[in-house]
>>> print(open('run23.cif').read())   # mmCIF, C-alpha atoms
data_input
#
loop_
_atom_site.label_atom_id
_atom_site.label_comp_id
_atom_site.auth_asym_id
_atom_site.auth_seq_id
_atom_site.Cartn_x
_atom_site.Cartn_y
_atom_site.Cartn_z
CA MET T 1 -6.18 53.10 -8.58
CA GLU T 2 -4.61 51.08 -11.41
CA PRO T 3 -6.46 47.83 -12.35
CA ASN T 4 -3.40 45.70 -11.51
CA GLN T 5 -3.09 47.32 -8.11
CA ALA T 6 -6.79 46.69 -7.45
CA ASN T 7 -6.31 43.03 -8.45
CA SER T 8 -3.30 42.66 -6.16
CA GLU T 9 -5.17 44.14 -3.25
CA ALA T 10 -8.12 41.81 -3.84
CA VAL T 11 -5.79 38.79 -3.99
CA GLU T 12 -4.03 39.89 -0.80
CA HIS T 13 -7.37 40.42 0.95
CA ASP T 14 -8.64 36.97 -0.03
CA LEU T 15 -5.33 35.41 0.95
CA ARG T 16 -5.32 37.03 4.38
CA VAL T 17 -8.89 35.80 4.95
CA PHE T 18 -7.79 32.28 4.00
CA LEU T 19 -4.69 32.38 6.21
CA SER T 20 -6.66 33.82 9.08
CA ALA T 21 -9.35 31.15 8.81
CA ASN T 22 -6.93 28.25 8.55
CA TYR T 23 -3.84 29.19 10.56
CA PHE T 24 -3.18 30.98 13.79
CA LEU T 25 -2.29 34.55 12.99
CA GLY T 26 -2.96 36.00 16.43
CA ASP T 27 -5.59 38.57 17.38
CA ASP T 28 -4.98 40.84 14.40
CA PRO T 29 -4.12 38.98 11.17
CA SER T 30 -3.50 42.26 9.33
CA HIS T 31 -0.31 42.57 11.41
CA LEU T 32 1.36 39.71 9.56
CA ALA T 33 3.91 41.48 7.39
CA ALA T 34 3.46 40.84 3.68
CA SER T 35 7.14 39.93 3.49
CA SER T 36 7.16 37.48 6.46
CA SER T 37 8.08 33.89 5.69
CA LEU T 38 5.03 31.73 6.38
CA ILE T 39 7.21 28.67 6.94
CA GLU T 40 9.73 30.37 9.24
CA ALA T 41 6.90 32.00 11.18
CA GLY T 42 5.70 28.44 11.83
CA LEU T 43 2.34 29.14 10.21
CA ILE T 44 2.55 26.59 7.45
CA ASP T 45 4.00 23.08 7.42
CA SER T 46 4.12 20.56 4.59
CA THR T 47 0.41 19.80 4.87
CA GLY T 48 -0.20 23.54 5.05
CA VAL T 49 1.59 24.02 1.72
CA LEU T 50 -0.70 21.35 0.30
CA GLU T 51 -3.71 23.30 1.57
CA LEU T 52 -2.35 26.60 0.32
CA VAL T 53 -1.72 25.24 -3.18
CA GLY T 54 -5.22 23.74 -3.30
CA TYR T 55 -6.72 27.04 -2.17
CA LEU T 56 -4.80 29.12 -4.73
CA GLU T 57 -5.74 26.79 -7.56
CA GLU T 58 -9.42 26.81 -6.68
CA GLN T 59 -9.82 30.43 -5.63
CA PHE T 60 -7.87 32.00 -8.48
CA GLY T 61 -8.40 29.42 -11.22
CA ILE T 62 -4.72 28.70 -11.76
CA ARG T 63 -2.79 25.43 -12.07
CA ILE T 64 0.46 25.27 -10.09
CA THR T 65 3.06 22.87 -11.44
CA ASN T 66 5.61 21.04 -9.29
CA ASP T 67 8.49 23.21 -10.55
CA GLU T 68 6.62 26.31 -9.35
CA LEU T 69 6.49 25.08 -5.72
CA LEU T 70 9.28 27.43 -4.69
CA PRO T 71 9.69 29.77 -1.70
CA GLU T 72 10.01 32.74 -4.08
CA ASN T 73 6.46 31.98 -5.23
CA LEU T 74 4.78 30.78 -2.06
CA ASP T 75 6.63 31.68 1.15
CA SER T 76 5.14 35.10 1.93
CA ILE T 77 1.99 37.04 1.22
CA GLU T 78 3.75 39.38 -1.20
CA ASN T 79 5.40 36.47 -3.02
CA ILE T 80 2.09 34.66 -3.35
CA VAL T 81 0.25 37.78 -4.57
CA GLY T 82 2.93 38.40 -7.21
CA PHE T 83 2.91 34.75 -8.25
CA VAL T 84 -0.89 34.64 -8.62
CA GLU T 85 -0.81 37.81 -10.70
CA ARG T 86 1.91 36.45 -12.97
CA LYS T 87 0.05 33.17 -13.40
CA ARG T 88 -3.19 34.91 -14.28
CA GLN T 89 -1.45 37.16 -16.80
CA SER T 90 0.36 34.26 -18.44
CA ASP T 91 -2.91 32.25 -18.56
CA GLN T 92 -4.65 35.21 -20.24
CA ALA T 93 -1.85 35.63 -22.72
CA ALA T 94 -1.95 31.90 -23.59
CA MET S 95 36.91 21.48 10.95
CA ASP S 96 36.45 17.91 12.15
CA LYS S 97 34.81 15.72 9.55
CA VAL S 98 32.06 13.33 10.61
CA THR S 99 32.45 9.71 9.50
CA ALA S 100 30.29 6.65 10.04
CA ASP S 101 32.57 5.74 12.96
CA ALA S 102 31.03 8.60 14.93
CA LEU S 103 28.07 6.37 15.66
CA ALA S 104 30.08 3.28 16.66
CA ILE S 105 29.08 2.00 20.09
CA ASP S 106 30.30 -0.65 22.50
CA PRO S 107 27.18 -2.79 22.08
CA GLU S 108 27.70 -4.88 25.21
CA ARG S 109 28.05 -1.78 27.37
CA VAL S 110 25.03 -0.09 25.78
CA ALA S 111 22.92 -3.25 26.05
CA THR S 112 23.85 -3.59 29.72
CA GLU S 113 22.98 0.04 30.45
CA ILE S 114 19.60 -0.26 28.75
CA GLU S 115 18.83 -3.54 30.49
CA GLU S 116 19.66 -2.11 33.91
CA SER S 117 17.51 0.93 33.25
CA LEU S 118 14.65 -1.15 31.92
CA ARG S 119 14.65 -3.38 35.01
CA ALA S 120 14.65 -0.36 37.31
CA ILE S 121 11.97 1.56 35.40
CA VAL S 122 9.58 -1.36 34.97
CA SER S 123 9.77 -2.59 38.57
CA ARG S 124 10.67 0.47 40.67
CA ASP S 125 8.94 3.28 38.75
CA LEU S 126 6.08 1.55 36.97
CA HIS S 127 5.49 -1.31 39.46
CA ARG S 128 4.91 -3.77 36.66
CA ARG S 129 6.27 -7.30 36.50
CA GLY S 130 7.07 -7.61 32.81
CA GLY S 131 6.83 -6.04 29.38
CA VAL S 132 4.65 -6.28 26.28
CA VAL S 133 6.30 -5.47 22.96
CA GLY S 134 4.43 -5.19 19.67
CA VAL S 135 6.74 -7.00 17.25
CA SER S 136 6.56 -6.07 13.56
CA GLY S 137 9.53 -7.98 12.20
CA GLY S 138 11.46 -4.73 11.85
CA ILE S 139 14.79 -3.94 13.45
CA ASP S 140 13.51 -1.67 16.23
CA SER S 141 10.86 -3.95 17.70
CA SER S 142 13.18 -6.95 17.33
CA VAL S 143 15.96 -5.27 19.31
CA THR S 144 13.47 -3.99 21.87
CA VAL S 145 11.94 -7.41 22.52
CA GLY S 146 15.43 -8.90 22.76
CA LEU S 147 16.58 -6.31 25.29
CA CYS S 148 13.33 -6.77 27.22
CA ALA S 149 13.84 -10.53 27.37
CA ARG S 150 17.45 -10.07 28.54
CA ALA S 151 16.45 -7.44 31.12
CA LEU S 152 13.24 -8.87 32.54
CA GLY S 153 13.48 -12.51 31.52
CA PRO S 154 11.82 -14.29 28.58
CA GLU S 155 8.98 -15.46 30.83
CA ARG S 156 8.21 -11.83 31.71
CA THR S 157 8.23 -10.64 28.10
CA LEU S 158 5.28 -10.96 25.74
CA ALA S 159 5.76 -10.51 22.00
CA LEU S 160 2.50 -9.39 20.50
CA LEU S 161 2.18 -10.07 16.76
CA MET S 162 -0.58 -8.05 15.09
CA PRO S 163 -0.80 -8.58 11.33
CA GLU S 164 -3.61 -7.23 9.20
CA ALA S 165 -4.87 -7.71 5.67
CA GLU S 166 -2.22 -5.44 4.11
CA SER S 167 0.81 -6.62 6.10
CA ASP S 168 3.74 -8.03 4.20
CA PRO S 169 3.11 -11.82 4.10
CA GLU S 170 6.61 -12.35 5.59
CA THR S 171 5.90 -10.22 8.65
CA LEU S 172 4.28 -12.89 10.80
CA ASP S 173 6.92 -15.50 10.04
CA ILE S 174 9.82 -13.13 10.70
CA SER S 175 8.24 -11.85 13.91
CA THR S 176 7.82 -15.44 15.11
CA GLN S 177 11.49 -16.11 14.37
CA VAL S 178 12.39 -13.10 16.53
CA ALA S 179 10.22 -14.25 19.44
CA ASP S 180 11.66 -17.76 19.17
CA ALA S 181 15.23 -16.44 19.08
CA PHE S 182 14.73 -14.77 22.45
CA GLY S 183 12.53 -17.54 23.88
CA VAL S 184 9.61 -15.24 24.63
CA GLN S 185 5.94 -16.15 24.54
CA THR S 186 3.86 -14.84 21.64
CA VAL S 187 0.23 -13.92 21.11
CA VAL S 188 -1.05 -13.37 17.58
CA GLU S 189 -3.89 -10.88 17.20
CA ASP S 190 -5.02 -10.42 13.59
CA ILE S 191 -6.40 -6.89 13.65
CA THR S 192 -8.09 -6.98 10.22
CA GLU S 193 -11.62 -7.32 11.60
CA ILE S 194 -11.13 -4.50 14.09
CA LEU S 195 -9.87 -2.29 11.28
CA GLN S 196 -12.87 -3.22 9.15
CA ALA S 197 -15.19 -2.35 12.04
CA THR S 198 -13.61 1.08 12.49
CA GLY S 199 -13.89 1.75 8.76
CA CYS S 200 -10.11 2.06 8.38
CA TYR S 201 -9.98 0.53 4.90
CA GLU S 202 -13.32 1.90 3.71
CA ARG S 203 -12.72 5.50 4.78
CA ARG S 204 -9.27 5.44 3.23
CA GLU S 205 -10.38 3.91 -0.04
CA GLU S 206 -13.21 6.38 -0.37
CA ALA S 207 -10.65 9.19 -0.10
CA VAL S 208 -8.42 7.46 -2.68
CA ARG S 209 -11.35 7.00 -5.07
CA SER S 210 -12.20 10.68 -4.84
CA VAL S 211 -8.79 11.36 -6.42
CA ILE S 212 -8.54 8.27 -8.66
CA PRO S 213 -12.13 7.25 -9.54
CA GLN S 214 -11.12 3.95 -11.18
CA TYR S 215 -9.44 2.74 -7.94
CA GLY S 216 -11.14 -0.51 -6.90
CA ILE S 217 -10.71 -4.18 -6.06
CA GLY S 218 -7.21 -5.46 -6.67
CA TRP S 219 -5.65 -2.00 -6.74
CA LYS S 220 -2.87 -1.01 -4.33
CA PHE S 221 -1.53 2.37 -3.29
CA LYS S 222 0.99 4.32 -1.26
CA ILE S 223 1.72 7.96 -0.44
CA VAL S 224 5.09 9.40 -1.52
CA LEU S 225 7.05 12.64 -1.17
CA PRO S 226 9.72 13.85 -3.63
CA SER S 227 13.31 13.71 -2.41
CA VAL S 228 14.56 16.61 -0.29
CA VAL S 229 18.00 16.24 -1.79
CA GLY S 230 16.99 16.63 -5.42
CA ASN S 231 14.38 19.29 -4.84
CA GLU S 232 14.82 22.96 -4.02
CA GLY S 233 11.14 23.73 -3.62
CA TYR S 234 8.31 22.61 -1.42
CA ARG S 235 7.44 18.97 -1.59
CA LEU S 236 3.84 17.87 -1.91
CA PHE S 237 2.45 14.44 -1.16
CA SER S 238 1.42 12.31 -4.12
CA LEU S 239 -0.74 9.24 -4.28
CA VAL S 240 0.72 6.36 -6.28
CA ALA S 241 -1.86 3.73 -7.22
CA GLN S 242 -1.22 0.49 -9.05
CA ALA S 243 -3.94 -1.24 -11.06
CA PRO S 244 -4.22 -5.04 -11.06
CA ASN S 245 -2.56 -5.05 -14.52
CA GLY S 246 0.50 -3.29 -13.07
CA GLU S 247 -0.23 0.14 -14.55
CA THR S 248 0.58 2.93 -12.08
CA ILE S 249 -0.99 6.35 -11.69
CA GLU S 250 0.54 9.20 -9.67
CA VAL S 251 -1.51 12.24 -8.69
CA ARG S 252 -0.92 15.14 -6.32
CA LEU S 253 -2.98 14.67 -3.18
CA PRO S 254 -5.34 17.45 -2.08
CA ALA S 255 -4.92 18.29 1.62
CA GLU S 256 -8.31 16.94 2.69
CA GLN S 257 -7.75 13.55 1.06
CA TYR S 258 -4.19 13.37 2.39
CA ARG S 259 -5.34 13.99 5.93
CA THR S 260 -8.22 11.52 5.62
CA ILE S 261 -5.97 8.77 4.28
CA VAL S 262 -3.41 9.32 7.05
CA ALA S 263 -6.10 9.59 9.74
CA ALA S 264 -7.78 6.37 8.62
CA THR S 265 -4.46 4.56 8.35
CA ASN S 266 -3.60 5.65 11.91
CA PHE S 267 -6.31 3.24 13.08
CA LYS S 268 -3.68 0.55 12.49
CA GLN S 269 -1.15 1.91 14.97
CA ARG S 270 -3.83 2.87 17.49
CA THR S 271 -5.53 -0.53 17.31
CA ARG S 272 -2.22 -2.23 17.92
CA LYS S 273 -1.54 -0.03 20.93
CA MET S 274 -5.01 -0.74 22.34
CA LEU S 275 -4.24 -4.46 22.20
CA GLU S 276 -0.79 -3.98 23.71
CA TYR S 277 -2.42 -2.27 26.69
CA PHE S 278 -5.08 -5.01 26.92
CA HIS S 279 -2.38 -7.63 27.35
CA ALA S 280 -0.30 -5.36 29.58
CA ASP S 281 -3.28 -4.79 31.89
CA ARG S 282 -4.13 -8.49 31.86
CA LEU S 283 -0.61 -9.49 32.84
CA ASN S 284 0.33 -6.45 34.97
CA PHE S 285 3.08 -5.75 32.44
CA ALA S 286 4.33 -2.40 31.09
CA VAL S 287 4.06 -1.48 27.41
CA ILE S 288 7.55 -1.18 25.96
CA GLY S 289 7.78 1.26 23.03
CA THR S 290 10.09 0.74 20.08
CA PRO S 291 11.01 4.12 18.51
CA ASN S 292 14.63 4.79 17.66
CA ARG S 293 16.14 8.28 17.87
CA LEU S 294 15.35 9.25 14.28
CA GLU S 295 11.70 8.37 14.71
CA TYR S 296 11.41 9.97 18.14
CA ASP S 297 13.23 13.18 17.22
CA GLN S 298 11.54 13.61 13.87
CA GLY S 299 8.01 12.69 14.97
CA PHE S 300 7.73 9.60 12.80
CA PHE S 301 5.03 7.98 14.91
CA VAL S 302 1.30 8.17 15.54
CA LYS S 303 0.23 9.98 18.68
CA LEU S 304 -1.48 7.46 20.96
CA GLY S 305 -0.51 4.83 18.43
CA ASP S 306 3.07 3.59 18.16
CA GLY S 307 4.03 6.82 19.98
CA ALA S 308 2.37 5.60 23.19
CA ALA S 309 4.29 3.47 25.69
CA ASP S 310 5.32 3.31 29.33
CA VAL S 311 9.01 3.24 28.50
CA LYS S 312 11.00 3.72 25.27
CA PRO S 313 14.33 1.99 25.83
CA ILE S 314 16.00 2.68 22.46
CA ALA S 315 14.70 6.23 21.81
CA HIS S 316 18.20 7.64 22.43
CA LEU S 317 19.88 5.41 19.83
CA TYR S 318 20.46 6.32 16.20
CA LYS S 319 19.17 3.65 13.84
CA SER S 320 22.72 2.62 12.88
CA GLN S 321 23.34 1.98 16.58
CA VAL S 322 20.15 -0.10 16.79
CA TYR S 323 21.61 -2.28 14.02
CA GLN S 324 24.86 -2.64 16.00
CA LEU S 325 22.89 -3.75 19.03
CA ALA S 326 20.83 -6.11 16.87
CA ARG S 327 23.94 -7.91 15.68
CA HIS S 328 25.31 -8.08 19.21
CA ILE S 329 22.21 -9.59 20.80
CA GLU S 330 21.80 -11.89 17.79
CA VAL S 331 18.57 -10.72 16.23
CA PRO S 332 17.75 -13.19 13.41
CA ARG S 333 19.44 -12.53 10.10
CA SER S 334 16.06 -12.28 8.33
CA VAL S 335 15.44 -9.05 10.26
CA LEU S 336 18.93 -7.63 9.74
CA GLU S 337 18.67 -8.15 5.99
CA ARG S 338 15.13 -6.81 5.63
CA PRO S 339 15.00 -3.25 4.23
CA PRO S 340 13.22 -0.81 6.59
CA THR S 341 9.64 -0.31 5.45
CA THR S 342 6.54 1.28 6.89
CA ASP S 343 4.44 -1.88 6.19
CA THR S 344 1.49 0.50 6.34
CA TYR S 345 0.08 0.87 2.83
CA SER S 346 -0.89 -1.81 0.32
CA LEU S 347 2.06 -0.93 -1.98
CA PRO S 348 5.52 -1.33 -0.42
CA GLN S 349 6.78 2.05 0.79
CA SER S 350 10.26 2.89 2.00
CA GLN S 351 10.60 5.26 4.96
CA GLU S 352 12.49 7.82 2.85
CA GLU S 353 9.72 7.81 0.23
CA PHE S 354 7.24 9.00 2.81
CA TYR S 355 9.11 10.72 5.58
CA PHE S 356 12.86 10.86 5.88
CA SER S 357 15.11 12.76 3.50
CA LEU S 358 17.71 10.02 3.12
CA PRO S 359 18.19 6.31 3.84
CA TYR S 360 18.77 5.83 7.56
CA GLU S 361 22.59 5.69 7.43
CA GLY S 362 22.71 9.19 5.93
CA MET S 363 19.89 10.54 8.08
CA ASP S 364 21.70 9.32 11.21
CA LEU S 365 24.91 11.12 10.30
CA CYS S 366 23.15 14.35 9.33
CA LEU S 367 21.11 14.33 12.54
CA TYR S 368 24.24 13.59 14.57
CA ALA S 369 26.18 16.44 12.91
CA HIS S 370 23.26 18.86 13.19
CA ASN S 371 22.80 17.99 16.87
CA ARG S 372 26.42 18.99 17.42
CA GLY S 373 26.05 22.27 15.58
CA LEU S 374 28.44 21.16 12.84
CA PRO S 375 28.23 22.89 9.44
CA PRO S 376 27.01 20.93 6.39
CA GLU S 377 30.60 20.72 5.10
CA ALA S 378 31.53 18.51 8.07
CA VAL S 379 29.22 15.69 7.04
CA ALA S 380 28.74 16.22 3.28
CA GLU S 381 31.51 13.82 2.24
CA ALA S 382 30.34 11.06 4.58
CA VAL S 383 26.83 11.12 3.14
CA ALA S 384 27.97 11.73 -0.46
CA LEU S 385 26.02 14.97 -0.81
CA THR S 386 26.94 18.57 -1.51
CA PRO S 387 26.91 21.00 1.43
CA GLU S 388 23.85 22.66 -0.15
CA GLN S 389 22.01 19.34 -0.15
CA VAL S 390 23.01 18.68 3.48
CA GLN S 391 21.67 22.13 4.36
CA ARG S 392 18.31 21.10 2.87
CA VAL S 393 18.38 17.97 5.04
CA TYR S 394 19.19 20.15 8.11
CA ASP S 395 16.29 22.46 7.22
CA ASP S 396 13.98 19.48 6.87
CA ILE S 397 15.10 18.16 10.27
CA ASP S 398 14.31 21.53 11.87
CA GLN S 399 10.96 21.79 10.13
CA LYS S 400 9.91 18.29 11.22
CA ARG S 401 10.89 19.09 14.82
CA ARG S 402 8.70 22.19 14.71
CA THR S 403 5.71 20.62 13.04
CA THR S 404 5.69 17.42 15.12
CA ARG S 405 6.28 19.08 18.49
CA TYR S 406 2.66 18.55 19.44
CA LEU S 407 3.08 14.78 19.02
CA ARG S 408 5.54 14.71 21.92
CA LEU S 409 3.63 17.07 24.20
CA ALA S 410 1.78 15.66 27.19
CA PRO S 411 -1.83 16.87 27.51
CA GLN S 412 -1.71 20.57 28.35
CA LEU S 413 -3.36 21.86 31.54
CA VAL S 414 -4.82 25.31 32.05
CA GLU S 415 -3.47 25.38 35.62
CA ALA S 416 -0.75 23.31 37.22
CA VAL S 417 -2.05 20.35 39.22
CA PHE S 418 -0.04 18.79 42.02
CA GLU S 419 1.57 15.58 40.85
CA ASP S 420 3.73 13.34 42.95
#
>>> encode(input="run23.cif", output="structure tokens")
Amino acid sequence: MEPNQANSEAVEHDLRVFLSANYFLGDDPSHLAASSSLIEAGLIDSTGVLELVGYLEEQFGIRITNDELLPENLDSIENIVGFVERKRQSDQAA
Amino acid sequence: MDKVTADALAIDPERVATEIEESLRAIVSRDLHRRGGVVGVSGGIDSSVTVGLCARALGPERTLALLMPEAESDPETLDISTQVADAFGVQTVVEDITEILQATGCYERREEAVRSVIPQYGIGWKFKIVLPSVVGNEGYRLFSLVAQAPNGETIEVRLPAEQYRTIVAATNFKQRTRKMLEYFHADRLNFAVIGTPNRLEYDQGFFVKLGDGAADVKPIAHLYKSQVYQLARHIEVPRSVLERPPTTDTYSLPQSQEEFYFSLPYEGMDLCLYAHNRGLPPEAVAEAVALTPEQVQRVYDDIDQKRRTTRYLRLAPQLVEAVFED
């Protein structure tokens, strides 16, 4: 397994645990498709985005700026995982 | 494609007032078996129109205007509310709710949450919660806390979810305390509690559950805010109310409703909600609200999201099994 893939899987695992603990994902949270929109699925509202951003910043040690609060970064598990990975890489490069 | 203009919301105010008054009389006496109405009057347009319609429908002697200022209310609120009550000849009771709010810890709990984000926040400081504009923002919008020091310097910080919820929950003591007192006077007088939400507030969940969202009857909940203004002029609500900008009068810094909740000033929100309710595309209303179709689409999306996320506010308590109700 490539290191980046292992990192992505760990981020996705942590994220699913967070979503499962804080939102209502049904009996089997692993069934939520990685590409599903969290907003359109009704899982996350505006306060939920606030919670999600706080969680990502604390859990993964990143700082999310206002211009990064976009659906392409935050509206699905796969978007979030990719965003966290990009942020960590850019922080390391800085 | 038919274009929506501001005329779409024009009403015959005398006809609408008469319909509401007839319904209010029937509901209060026939359905609720109460002999009058209590209205919490804030000096805003909605409660002023509601108390006026109540006085016209039930009689001024069967209408009580309850004025409930607190330490952070706009100093003009009490005076303007008194003008409204006087204009319709209704009796008033003033209940300053500051001490009740102190006893519940409303101010203290809230300020503790504010201080955890802005440690220097203290005596003489003021604050409000704001959201970025929907129209100028393609992304998610997060709540910020704006605090003003006694020297006028302002600080704006993003609010963590826990502090946001604590500040809102503590502030909700205000609306719930007011409702508790409305029901005290309603019980004492055998009156009904008359709620004051307009259509925008009711549809979009801009109220506190069991606070200003609680009432026995909501006579203007079907009217867009622009229509409430038309009624206000017709029933001769005092000019001081008509000219007062809508505000939440909730936080210590003045806060407009669109800073905290709605996407646009009420005239634009009304037209977008009206067009969206009729299934009209953004292009049909864009010109009337001076926005691009893309911006109107964001307003439509925000309307839909607020309906979804505030649905629970409008739900009656849910039962596990149906229970016979007459």
>>> interface_residues(input="run23.cif", of="chain T", to="chain S", cutoff="10 Å", atoms="all atoms listed in the file", output="PyMOL selection string")
chain T and resi 39-40+42-55+66-75
>>> write_last_selection(input="run23.cif", atoms="C-alpha atoms", output="compact mmCIF listing (two decimals), in the coordinates of the input")
# COMPACT_ATOMS: atom_id res chain seq x y z
CA ILE T 39 7.21 28.67 6.94
CA GLU T 40 9.73 30.37 9.24
CA GLY T 42 5.70 28.44 11.83
CA LEU T 43 2.34 29.14 10.21
CA ILE T 44 2.55 26.59 7.45
CA ASP T 45 4.00 23.08 7.42
CA SER T 46 4.12 20.56 4.59
CA THR T 47 0.41 19.80 4.87
CA GLY T 48 -0.20 23.54 5.05
CA VAL T 49 1.59 24.02 1.72
CA LEU T 50 -0.70 21.35 0.30
CA GLU T 51 -3.71 23.30 1.57
CA LEU T 52 -2.35 26.60 0.32
CA VAL T 53 -1.72 25.24 -3.18
CA GLY T 54 -5.22 23.74 -3.30
CA TYR T 55 -6.72 27.04 -2.17
CA ASN T 66 5.61 21.04 -9.29
CA ASP T 67 8.49 23.21 -10.55
CA GLU T 68 6.62 26.31 -9.35
CA LEU T 69 6.49 25.08 -5.72
CA LEU T 70 9.28 27.43 -4.69
CA PRO T 71 9.69 29.77 -1.70
CA GLU T 72 10.01 32.74 -4.08
CA ASN T 73 6.46 31.98 -5.23
CA LEU T 74 4.78 30.78 -2.06
CA ASP T 75 6.63 31.68 1.15
>>> resolve_selection(input="run23.cif", expression="the PyMOL selection byres ((chain S and resi 356) around 9)", output="list of chain:residue names")
S:Ser227, S:Val228, S:Leu294, S:Gln298, S:Phe300, S:Gln351, S:Glu352, S:Glu353, S:Phe354, S:Tyr355, S:Ser357, S:Leu358, S:Pro359, S:Tyr360, S:Met363, S:Asp396, S:Ile397
>>> atom_distance(input="run23.cif", atom1="CA of Ala382 (chain S)", atom2="CA of Leu365 (chain S)")
7.9 Å
>>> closest_residue(input="run23.cif", among="T:Gln89, T:Ala41, T:Glu78, T:Phe83", to="Glu12 (chain T)", atoms="only C-alpha atoms")
T:Glu78
>>> atom_distance(input="run23.cif", atom1="CA of Thr344 (chain S)", atom2="CA of Ser167 (chain S)")
7.2 Å
>>> resolve_selection(input="run23.cif", expression="the PyMOL selection byres ((chain T and resi 18) around 12)", output="list in words")
Val11, Glu12, His13, Asp14, Leu15, Arg16, Val17, Leu19, Ser20, Ala21, Asn22, Tyr23, Phe24, Leu25, Pro29, Gly48, Glu51, Leu52, Val53, Gly54, Tyr55, Leu56, Gln59 and Ile77 of chain T
